[in-house]
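Everything below belongs to final30.csv, which stores CSV, C-alpha atoms.
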chain,number,residue,atom,x,y,z
A,353,MET,CA,0.8,-22.1,40.1
A,354,GLN,CA,4.5,-23.0,40.0
A,355,THR,CA,6.4,-23.7,36.8
A,356,GLY,CA,7.7,-27.2,36.5
A,357,THR,CA,11.0,-28.4,37.8
A,358,LYS,CA,13.8,-29.9,35.7
A,359,SER,CA,12.6,-33.3,36.6
A,360,ASP,CA,9.1,-32.7,35.4
A,361,PHE,CA,10.3,-32.6,31.8
A,362,GLY,CA,13.7,-34.3,32.0
A,363,ASN,CA,17.0,-32.8,31.2
A,364,SER,CA,16.8,-29.1,30.1
A,365,GLY,CA,20.2,-29.4,28.4
A,366,GLY,CA,21.3,-27.2,25.4
A,367,LEU,CA,19.5,-25.3,22.8
A,368,PHE,CA,18.4,-28.5,20.9
A,369,ALA,CA,17.4,-30.6,23.9
A,370,GLY,CA,14.0,-32.1,23.6
A,371,LEU,CA,13.7,-31.3,19.9
A,372,GLY,CA,13.4,-34.9,19.0
A,373,ALA,CA,10.3,-35.3,21.1
A,374,ALA,CA,8.9,-32.0,19.8
A,375,LEU,CA,9.5,-33.2,16.2
A,376,GLN,CA,7.7,-36.5,17.0
A,377,ASP,CA,4.8,-34.5,18.4
A,378,ALA,CA,4.7,-32.2,15.4
A,379,VAL,CA,4.6,-35.1,13.0
A,380,LEU,CA,1.8,-36.7,15.1
A,381,ILE,CA,-0.2,-33.5,15.1
A,382,THR,CA,0.2,-33.2,11.3
A,383,LEU,CA,-0.9,-36.8,10.7
A,384,VAL,CA,-3.8,-36.8,13.2
A,385,ALA,CA,-5.1,-33.4,12.2
A,386,GLY,CA,-4.7,-34.1,8.5
A,387,GLY,CA,-6.5,-37.4,8.9
A,388,ILE,CA,-9.4,-35.8,10.7
A,389,GLY,CA,-9.5,-33.1,8.1
A,390,MET,CA,-9.8,-35.7,5.4
A,391,LEU,CA,-12.6,-37.5,7.2
A,392,ALA,CA,-14.4,-34.2,7.9
A,393,ASN,CA,-14.1,-33.3,4.2
A,394,LEU,CA,-16.1,-36.5,3.4
A,395,VAL,CA,-19.1,-35.3,5.3
A,396,HIS,CA,-18.6,-31.5,4.7
A,397,PRO,CA,-21.5,-30.0,2.7
A,398,GLU,CA,-18.8,-28.0,0.7
A,399,GLY,CA,-16.4,-31.0,0.6
A,400,ILE,CA,-14.0,-31.1,-2.3
A,401,PRO,CA,-12.3,-34.1,-4.1
A,402,PHE,CA,-8.9,-35.0,-2.6
A,403,VAL,CA,-7.3,-34.5,-6.0
A,404,ALA,CA,-8.5,-31.5,-8.2
A,405,GLU,CA,-10.1,-32.8,-11.4
A,406,LYS,CA,-9.3,-29.7,-13.5
A,407,ASN,CA,-7.2,-26.6,-13.3
A,408,TYR,CA,-8.4,-23.8,-11.1
A,409,GLU,CA,-9.3,-20.7,-12.9
A,410,THR,CA,-7.1,-18.2,-11.1
A,411,LEU,CA,-7.1,-14.6,-12.2
A,412,VAL,CA,-3.9,-12.8,-11.2
A,413,PRO,CA,-2.8,-10.0,-13.5
A,414,CYS,CA,0.6,-10.5,-15.1
A,415,PRO,CA,3.2,-8.1,-13.9
A,416,VAL,CA,3.2,-5.1,-16.2
A,417,ALA,CA,5.3,-2.0,-16.2
A,418,GLY,CA,2.9,0.4,-14.4
A,419,GLY,CA,3.0,3.6,-12.5
A,420,GLU,CA,1.9,4.8,-9.1
A,421,VAL,CA,-1.8,4.7,-8.3
A,422,THR,CA,-3.3,5.8,-5.0
A,423,PRO,CA,-6.4,4.3,-3.4
A,424,LEU,CA,-9.3,6.7,-2.7
A,425,ALA,CA,-12.2,6.0,-0.3
A,426,PRO,CA,-15.6,5.8,-2.1
A,427,ASP,CA,-16.9,8.7,0.0
A,428,ASP,CA,-13.9,10.9,-0.6
A,429,ALA,CA,-14.9,14.5,-1.4
A,430,ALA,CA,-12.3,14.5,-4.2
A,431,LEU,CA,-14.8,12.3,-6.2
A,432,ARG,CA,-17.3,15.2,-6.4
A,433,SER,CA,-14.7,17.9,-7.1
A,434,GLY,CA,-14.7,19.7,-10.4
A,435,ASP,CA,-10.9,19.1,-10.5
A,436,THR,CA,-11.4,15.4,-10.9
A,437,PHE,CA,-11.6,13.5,-14.2
A,438,LEU,CA,-13.4,10.2,-13.8
A,439,ILE,CA,-12.7,7.1,-15.8
A,440,ASP,CA,-14.9,4.0,-15.5
A,441,ALA,CA,-12.9,0.8,-16.2
A,442,ARG,CA,-15.9,-1.6,-16.2
A,443,SER,CA,-17.6,-3.2,-19.2
A,444,ALA,CA,-19.9,-1.1,-21.5
A,445,GLU,CA,-22.9,-3.1,-20.1
A,446,GLU,CA,-22.0,-2.4,-16.5
A,447,TYR,CA,-21.4,1.2,-17.4
A,448,LYS,CA,-24.8,1.5,-19.1
A,449,ALA,CA,-26.6,-0.1,-16.1
A,450,TRP,CA,-25.1,2.4,-13.6
A,451,ARG,CA,-22.4,5.1,-13.9
A,452,TYR,CA,-21.0,7.7,-11.6
A,453,ARG,CA,-21.5,11.2,-12.9
A,454,GLN,CA,-20.0,11.7,-16.4
A,455,ALA,CA,-17.2,9.2,-16.1
A,456,MET,CA,-15.5,8.2,-19.4
A,457,ASN,CA,-15.9,4.5,-20.1
A,458,VAL,CA,-12.7,2.7,-20.9
A,459,PRO,CA,-13.4,-1.0,-20.4
A,460,TYR,CA,-10.2,-2.7,-19.0
A,461,ASP,CA,-9.2,-6.1,-20.3
A,462,TYR,CA,-6.6,-8.0,-18.3
A,463,LEU,CA,-5.4,-9.9,-21.4
A,464,ASP,CA,-5.1,-7.0,-23.9
A,465,PRO,CA,-3.3,-3.8,-23.3
A,466,THR,CA,-5.4,-0.7,-23.7
A,467,PRO,CA,-4.8,0.6,-27.3
A,468,ALA,CA,-2.5,3.6,-27.6
A,469,GLU,CA,-5.2,5.6,-29.3
A,470,THR,CA,-7.6,5.1,-26.4
A,471,ILE,CA,-4.8,6.3,-23.9
A,472,GLY,CA,-4.1,9.2,-26.2
A,473,GLU,CA,-7.8,10.2,-26.3
A,474,MET,CA,-7.9,9.9,-22.5
A,475,ALA,CA,-4.8,12.1,-22.1
A,476,ARG,CA,-6.4,14.7,-24.4
A,477,ARG,CA,-9.7,14.8,-22.5
A,478,VAL,CA,-7.9,15.0,-19.2
A,479,ALA,CA,-5.8,17.9,-20.4
A,480,SER,CA,-8.7,19.7,-21.9
A,481,SER,CA,-10.9,19.3,-18.8
A,482,GLY,CA,-8.3,21.1,-16.7
A,483,ALA,CA,-8.6,18.3,-14.0
A,484,ARG,CA,-5.9,18.0,-11.4
A,485,ARG,CA,-6.4,14.4,-10.7
A,486,VAL,CA,-7.7,11.3,-12.5
A,487,VAL,CA,-9.9,8.8,-10.6
A,488,VAL,CA,-10.5,5.3,-12.1
A,489,ILE,CA,-13.6,3.4,-11.1
A,490,GLY,CA,-13.2,-0.4,-11.4
A,491,ASP,CA,-15.3,-3.4,-10.7
A,492,GLY,CA,-14.1,-3.7,-7.1
A,493,GLN,CA,-13.1,-7.3,-7.5
A,494,GLN,CA,-9.9,-8.9,-6.5
A,495,PRO,CA,-8.0,-7.8,-8.6
A,496,ASP,CA,-9.7,-4.5,-9.2
A,497,SER,CA,-9.9,-3.4,-12.9
A,498,GLY,CA,-9.8,0.2,-11.8
A,499,LYS,CA,-6.5,-0.2,-10.0
A,500,TRP,CA,-5.0,-1.9,-12.9
A,501,LEU,CA,-6.2,0.5,-15.5
A,502,GLY,CA,-4.9,3.3,-13.2
A,503,LYS,CA,-1.5,1.6,-13.1
A,504,GLU,CA,-1.4,1.3,-16.8
A,505,ILE,CA,-2.3,4.9,-17.6
A,506,SER,CA,-0.1,6.2,-14.8
A,507,GLY,CA,2.8,4.2,-16.3
A,508,LYS,CA,2.1,5.8,-19.7
A,509,GLY,CA,2.5,9.4,-18.5
A,510,ILE,CA,-0.9,10.4,-17.0
A,511,LYS,CA,-0.1,12.0,-13.6
A,512,ASN,CA,-1.9,12.0,-10.3
A,513,VAL,CA,-4.0,8.8,-10.8
A,514,PHE,CA,-6.3,7.3,-8.1
A,515,PHE,CA,-8.6,4.4,-8.0
A,516,VAL,CA,-11.8,3.9,-5.9
A,517,LYS,CA,-11.4,1.3,-3.2
A,518,GLY,CA,-14.1,-1.3,-3.6
A,519,GLY,CA,-14.9,0.0,-7.1
A,520,ALA,CA,-18.3,0.9,-8.5
A,521,LYS,CA,-20.2,-1.2,-6.0
A,522,ALA,CA,-18.7,0.7,-3.0
A,523,LEU,CA,-19.1,4.0,-4.8
A,524,LYS,CA,-22.8,3.2,-5.5
A,525,ALA,CA,-23.3,2.4,-1.9
A,526,ALA,CA,-21.5,5.5,-0.7
A,527,SER,CA,-23.2,7.9,-3.0
A,528,GLY,CA,-26.7,6.5,-2.7
A,529,SER,CA,-28.9,7.6,-5.6
A,530,GLY,CA,-27.4,11.0,-5.6
A,531,GLY,CA,-24.2,10.5,-7.4
A,532,GLY,CA,-25.0,7.9,-10.0
A,533,SER,CA,-27.2,7.7,-13.0
B,727,MET,CA,23.6,-19.7,27.1
B,728,LYS,CA,22.5,-22.6,29.3
B,729,ARG,CA,21.5,-20.1,32.0
B,730,LEU,CA,19.4,-18.2,29.5
B,731,LEU,CA,17.8,-21.4,28.3
B,732,ASN,CA,17.0,-22.6,31.8
B,733,TRP,CA,15.6,-19.2,33.1
B,734,PRO,CA,12.3,-20.2,34.7
B,735,GLY,CA,10.7,-16.9,33.5
B,736,HIS,CA,10.4,-18.2,30.0
B,737,SER,CA,7.5,-20.4,31.0
B,738,TRP,CA,5.6,-17.4,32.2
B,739,LEU,CA,6.6,-15.1,29.3
B,740,ALA,CA,5.6,-17.8,26.8
B,741,VAL,CA,2.0,-18.1,28.2
B,742,PRO,CA,0.6,-14.8,26.6
B,743,ALA,CA,2.7,-15.6,23.4
B,744,ARG,CA,1.2,-19.1,23.2
B,745,TRP,CA,-2.4,-17.8,23.7
B,746,TYR,CA,-1.9,-15.1,21.1
B,747,LEU,CA,-0.3,-17.3,18.5
B,748,GLY,CA,-2.8,-20.1,19.2
B,749,ALA,CA,-5.7,-17.7,18.8
B,750,VAL,CA,-4.3,-16.4,15.6
B,751,PHE,CA,-4.1,-19.9,14.1
B,752,VAL,CA,-7.6,-20.9,15.4
B,753,ILE,CA,-9.1,-17.8,13.9
B,754,ALA,CA,-7.2,-18.2,10.7
B,755,CYS,CA,-8.4,-21.8,10.1
B,756,LEU,CA,-12.1,-21.2,10.6
B,757,HIS,CA,-13.0,-19.7,7.2
B,758,LYS,CA,-10.7,-22.3,5.5
B,759,ILE,CA,-12.4,-25.2,7.2
B,760,ALA,CA,-15.9,-23.8,6.5
B,761,HIS,CA,-15.1,-23.2,2.8
B,762,PRO,CA,-12.4,-25.7,1.6
B,763,GLY,CA,-13.2,-24.9,-2.1
B,764,SER,CA,-12.4,-21.2,-1.6
B,765,PHE,CA,-9.2,-22.1,0.2
B,766,ALA,CA,-8.2,-24.5,-2.5
B,767,LEU,CA,-8.5,-21.6,-5.0
B,768,ASP,CA,-6.3,-19.5,-2.8
B,769,VAL,CA,-3.7,-22.3,-2.7
B,770,ALA,CA,-3.9,-22.6,-6.5
B,771,THR,CA,-3.5,-18.9,-7.0
B,772,TYR,CA,0.0,-19.0,-5.4
B,773,ASP,CA,0.9,-21.3,-8.3
B,774,ILE,CA,3.5,-23.2,-6.3
B,775,VAL,CA,1.9,-26.4,-5.3
B,776,PRO,CA,1.3,-29.0,-8.1
B,777,LEU,CA,-2.4,-29.3,-9.0
B,778,GLN,CA,-2.6,-32.9,-7.7
B,779,LEU,CA,-1.7,-31.6,-4.2
B,780,VAL,CA,-3.8,-28.4,-4.1
B,781,ASN,CA,-7.0,-29.9,-2.7
B,782,LEU,CA,-5.2,-32.2,-0.3
B,783,MET,CA,-3.3,-29.2,1.1
B,784,ALA,CA,-6.5,-27.2,1.3
B,785,ILE,CA,-8.3,-30.0,3.2
B,786,THR,CA,-5.6,-30.8,5.7
B,787,LEU,CA,-3.7,-27.6,6.4
B,788,PRO,CA,-6.6,-25.7,8.2
B,789,TRP,CA,-7.1,-28.7,10.5
B,790,ILE,CA,-3.4,-28.8,11.4
B,791,GLU,CA,-3.7,-25.1,12.1
B,792,LEU,CA,-6.7,-25.8,14.4
B,793,PHE,CA,-5.0,-28.6,16.3
B,794,ALA,CA,-1.7,-26.8,16.7
B,795,GLY,CA,-3.5,-23.6,17.8
B,796,ILE,CA,-5.7,-25.3,20.4
B,797,MET,CA,-2.7,-27.3,21.7
B,798,LEU,CA,-0.7,-24.1,22.1
B,799,ILE,CA,-3.5,-22.4,24.0
B,800,ILE,CA,-4.1,-25.3,26.4
B,801,GLY,CA,-0.4,-26.1,26.7
B,802,PHE,CA,-0.6,-29.7,25.5
B,803,ARG,CA,2.4,-31.0,23.6
B,804,ALA,CA,3.1,-27.3,23.3
B,805,ARG,CA,6.6,-27.6,21.9
B,806,GLY,CA,5.4,-30.0,19.2
B,807,ALA,CA,2.6,-27.6,18.3
B,808,ALA,CA,5.1,-24.7,18.2
B,809,LEU,CA,7.3,-26.7,15.8
B,810,ALA,CA,4.3,-27.5,13.6
B,811,ILE,CA,3.4,-23.8,13.5
B,812,ALA,CA,7.0,-22.8,12.8
B,813,GLY,CA,7.0,-25.3,9.9
B,814,MET,CA,3.8,-23.8,8.5
B,815,MET,CA,5.1,-20.2,8.9
B,816,VAL,CA,8.2,-21.1,6.9
B,817,ILE,CA,6.0,-22.5,4.1
B,818,PHE,CA,3.7,-19.4,4.2
B,819,ILE,CA,6.6,-16.9,4.2
B,820,ALA,CA,8.3,-18.7,1.3
B,821,ALA,CA,5.0,-18.8,-0.7
B,822,ILE,CA,4.4,-15.1,-0.2
B,823,VAL,CA,8.0,-14.1,-1.0
B,824,ILE,CA,7.8,-16.2,-4.2
B,825,ALA,CA,4.5,-14.6,-5.2
B,826,LEU,CA,5.9,-11.1,-4.5
B,827,ALA,CA,9.0,-11.9,-6.5
B,828,LYS,CA,6.7,-12.9,-9.4
B,829,GLY,CA,4.9,-9.6,-9.1
B,830,LEU,CA,1.5,-11.2,-8.4
B,831,ASP,CA,-1.1,-8.8,-7.1
B,832,MET,CA,-3.2,-11.0,-4.9
B,833,SER,CA,-4.8,-11.4,-1.5
B,834,CYS,CA,-2.9,-13.3,1.2
B,835,GLY,CA,-5.7,-15.8,1.8
B,836,CYS,CA,-4.4,-16.1,5.3
B,837,PHE,CA,-7.7,-15.3,7.1
B,838,ALA,CA,-10.3,-15.3,4.3
B,839,SER,CA,-10.6,-16.2,0.7
B,840,GLN,CA,-9.3,-14.2,-2.3
B,841,SER,CA,-12.7,-12.8,-3.1
B,842,ALA,CA,-13.5,-11.9,0.6
B,843,ALA,CA,-10.2,-10.4,1.5
B,844,GLU,CA,-10.1,-7.2,-0.5
B,845,ASP,CA,-8.0,-5.4,2.1
B,846,ASP,CA,-5.5,-8.1,2.7
B,847,PRO,CA,-3.1,-8.0,-0.3
B,848,ILE,CA,0.3,-9.6,0.0
B,849,SER,CA,3.2,-7.3,0.6
B,850,TYR,CA,6.5,-7.3,2.4
B,851,LEU,CA,4.4,-6.2,5.5
B,852,THR,CA,2.7,-9.6,5.3
B,853,VAL,CA,6.2,-11.2,5.3
B,854,MET,CA,7.2,-9.1,8.3
B,855,ARG,CA,4.0,-10.1,10.2
B,856,ASP,CA,4.5,-13.8,9.4
B,857,SER,CA,8.2,-13.5,10.4
B,858,GLY,CA,7.1,-12.1,13.8
B,859,TRP,CA,4.8,-15.2,14.2
B,860,LEU,CA,7.7,-17.4,13.2
B,861,PHE,CA,9.9,-15.8,15.8
B,862,LEU,CA,7.3,-16.4,18.5
B,863,SER,CA,6.9,-20.0,17.6
B,864,LEU,CA,10.7,-20.5,17.6
B,865,TYR,CA,10.9,-18.8,21.0
B,866,MET,CA,8.3,-21.3,22.4
B,867,LEU,CA,10.1,-24.2,20.8
B,868,PHE,CA,13.6,-23.3,22.1
B,869,PHE,CA,12.9,-21.4,25.3
B,870,ASP,CA,9.6,-22.6,26.7
B,871,ARG,CA,11.1,-25.9,28.0
B,872,ARG,CA,8.4,-26.4,30.8
B,873,PRO,CA,5.2,-25.0,29.2
B,874,ILE,CA,2.6,-24.0,31.8
B,875,GLY,CA,-0.6,-25.8,31.0
B,876,LEU,CA,-1.8,-29.4,30.4
B,877,ASP,CA,1.8,-30.6,29.8
B,878,LEU,CA,2.8,-29.5,33.3
B,879,VAL,CA,-0.3,-31.0,35.0
B,880,LEU,CA,0.2,-34.3,33.2
B,881,ALA,CA,3.9,-34.4,34.1
B,882,ARG,CA,3.1,-33.7,37.7
B,883,ARG,CA,0.4,-36.3,37.8
B,884,LYS,CA,2.7,-38.8,36.2
B,885,LYS,CA,5.4,-38.0,38.8
B,886,ALA,CA,2.9,-38.3,41.7
B,887,HIS,CA,1.8,-41.8,40.4
B,888,ALA,CA,5.4,-43.0,39.9
Turn the structure described in the file into structure tokens.
Amino acid sequence: MQTGTKSDFGNSGGLFAGLGAALQDAVLITLVAGGIGMLANLVHPEGIPFVAEKNYETLVPCPVAGGEVTPLAPDDAALRSGDTFLIDARSAEEYKAWRYRQAMNVPYDYLDPTPAETIGEMARRVASSGARRVVVIGDGQQPDSGKWLGKEISGKGIKNVFFVKGGAKALKAASGSGGGS
Amino acid sequence: MKRLLNWPGHSWLAVPARWYLGAVFVIACLHKIAHPGSFALDVATYDIVPLQLVNLMAITLPWIELFAGIMLIIGFRARGAALAIAGMMVIFIAAIVIALAKGLDMSCGCFASQSAAEDDPISYLTVMRDSGWLFLSLYMLFFDRRPIGLDLVLARRKKAHA
């Protein structure tokens, strides 16, 4: 197959030659595709109203001064190490239903900063345990409560903080019935 | 400059680029078309578009991606499709940069929804990836003057009938 000649597509000209036609086509694509999208939405089983009736409940954590936190795979051997101090950032109910080893439960609230006494208690327990790393287990949602509690405590002086990728759900799947209780 | 612009090799170089970018856009739109509600939530999470326009954008944008992607692949009105994609890339890059500047920790929502895309958080890597796609679309727009594909077939047929 040969490429077209100049005469196939008119004058090749300078850098902006033919941009008018391209713009026209781009507008046409937008209008036709947008129109078809709107028609398809009318018959779509999950179709949505053209104008949102109420605000979407979006949950994106506000930027807070936090420290470094490193992701850890749910099957990482560090989780089973005696050098690891585990913190569970999920709610008390979720913790009661299933927990990984003897993790300390510190429910994380996106709207309220963790009280200074709780962080102090955590720091004391980490220090007395002799652990070399702290791993926070969250809910595995997007955003993940474990990652955000990890950032918070890391920003407040606790060193070597990790969070479990995928949270408790991934950890439960990775550990089977062996690790949890 | 004129020699560079009129180099016939651009038409051949642009073919794999068109197929790649077209496939990226077709793949990217599938989840959004299947689940407009989830995509609307993604659009709302960026907190840039006014609420009145969130759903309209969530309904129409994936279809524009689909059409532009298919047109790039088959080479029909390819420069127009490249321009539409370049326009979308500029919007996406601006949205991600604004979200990063606000310090939002969220998923891109580029290929799946917020809840499904745990491993696709926005970062400056996302901006670089999108900038690469913007560069490709601009290359097609400015340098692929005689796209190989349906455009070429139609132009030749038209010429033969003239």
Practice problem: Between A:Thr470, A:Asn512, A:Gln494, A:Thr422, single out the one closest to chain B, counting only C-alpha atoms. | Solution: A:Gln494
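Take the candidates A:Ala369, A:Val421, A:Ala455, A:Val379 and check each one against Trp500 in chain A using only C-alpha atoms; the shortest distance goes to A:Val421.
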Exercise. Mind checking which residues fall within 12 Å of Met854 in chain B, counting all atoms listed in the file, ignoring those fewer than 4 positions away in the same chain, and posting them as a PyMOL selection string?
Key: chain B and resi 815+818-820+822-823+848-850+858-861
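Closest approach to chain A among B:Ile824, B:Leu862, B:Leu777, B:Ala812: B:Leu777, based on all atoms listed in the file.
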Need the shell around Ala520 in chain A: protein/DNA/RNA residues with any atom at most 8 Å away, counting all atoms listed in the file. Skip same-chain ones fewer than 3 positions apart. Format as a short mmCIF file (atom, residue, chain, number, x, y, z; two decimals) with C-alpha atoms, in the coordinates of the input?
data_model
loop_
_atom_site.label_atom_id
_atom_site.label_comp_id
_atom_site.auth_asym_id
_atom_site.auth_seq_id
_atom_site.Cartn_x
_atom_site.Cartn_y
_atom_site.Cartn_z
CA ARG A 451 -22.40 5.10 -13.90
CA TYR A 452 -21.00 7.70 -11.60
CA ILE A 489 -13.60 3.40 -11.10
CA GLY A 490 -13.20 -0.40 -11.40
CA ASP A 491 -15.30 -3.40 -10.70
CA GLY A 492 -14.10 -3.70 -7.10
CA VAL A 516 -11.80 3.90 -5.90
CA LEU A 523 -19.10 4.00 -4.80
CA LYS A 524 -22.80 3.20 -5.50
#
Written-out range 774-831 of chain B (C-alpha atoms) as a CSV table (one decimal), in the first residue's frame:
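Final file, decode_15.csv:
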chain,number,residue,atom,x,y,z
B,774,ILE,CA,-13.6,20.8,39.3
B,775,VAL,CA,-16.7,20.5,37.2
B,776,PRO,CA,-19.9,22.2,38.5
B,777,LEU,CA,-22.4,19.7,39.8
B,778,GLN,CA,-24.9,20.5,37.0
B,779,LEU,CA,-22.4,19.3,34.4
B,780,VAL,CA,-21.0,16.2,36.2
B,781,ASN,CA,-23.5,13.7,34.9
B,782,LEU,CA,-23.5,15.2,31.4
B,783,MET,CA,-19.8,14.9,31.2
B,784,ALA,CA,-19.9,11.4,32.6
B,785,ILE,CA,-22.4,10.3,30.0
B,786,THR,CA,-20.9,11.9,26.9
B,787,LEU,CA,-17.1,11.8,27.5
B,788,PRO,CA,-16.7,8.0,27.3
B,789,TRP,CA,-18.6,7.9,24.0
B,790,ILE,CA,-16.3,10.7,22.6
B,791,GLU,CA,-13.4,8.5,23.7
B,792,LEU,CA,-14.9,5.5,22.0
B,793,PHE,CA,-15.6,7.3,18.7
B,794,ALA,CA,-12.2,9.1,18.6
B,795,GLY,CA,-10.4,5.8,19.5
B,796,ILE,CA,-12.1,3.8,16.7
B,797,MET,CA,-11.6,6.5,14.2
B,798,LEU,CA,-7.9,6.7,15.0
B,799,ILE,CA,-7.6,2.9,14.6
B,800,ILE,CA,-9.4,2.7,11.2
B,801,GLY,CA,-7.9,6.0,10.0
B,802,PHE,CA,-11.2,7.8,9.3
B,803,ARG,CA,-11.1,11.5,9.9
B,804,ALA,CA,-7.9,10.6,11.8
B,805,ARG,CA,-6.6,14.2,12.3
B,806,GLY,CA,-10.0,15.3,13.7
B,807,ALA,CA,-10.0,12.3,16.0
B,808,ALA,CA,-6.4,13.2,17.1
B,809,LEU,CA,-7.5,16.7,17.8
B,810,ALA,CA,-10.4,15.5,19.9
B,811,ILE,CA,-8.1,13.3,21.8
B,812,ALA,CA,-5.5,16.0,22.3
B,813,GLY,CA,-8.3,18.2,23.7
B,814,MET,CA,-9.4,15.5,26.1
B,815,MET,CA,-5.8,14.9,27.2
B,816,VAL,CA,-5.3,18.6,28.0
B,817,ILE,CA,-8.5,18.5,30.1
B,818,PHE,CA,-7.4,15.3,31.9
B,819,ILE,CA,-3.8,16.6,32.6
B,820,ALA,CA,-5.2,19.9,33.9
B,821,ALA,CA,-7.6,18.0,36.2
B,822,ILE,CA,-4.9,15.7,37.6
B,823,VAL,CA,-2.5,18.6,38.2
B,824,ILE,CA,-5.2,20.6,40.0
B,825,ALA,CA,-6.1,17.5,42.1
B,826,LEU,CA,-2.4,16.9,42.9
B,827,ALA,CA,-1.9,20.6,43.8
B,828,LYS,CA,-4.8,20.3,46.2
B,829,GLY,CA,-3.1,17.3,47.8
B,830,LEU,CA,-6.0,14.9,47.0
B,831,ASP,CA,-5.2,11.3,47.5
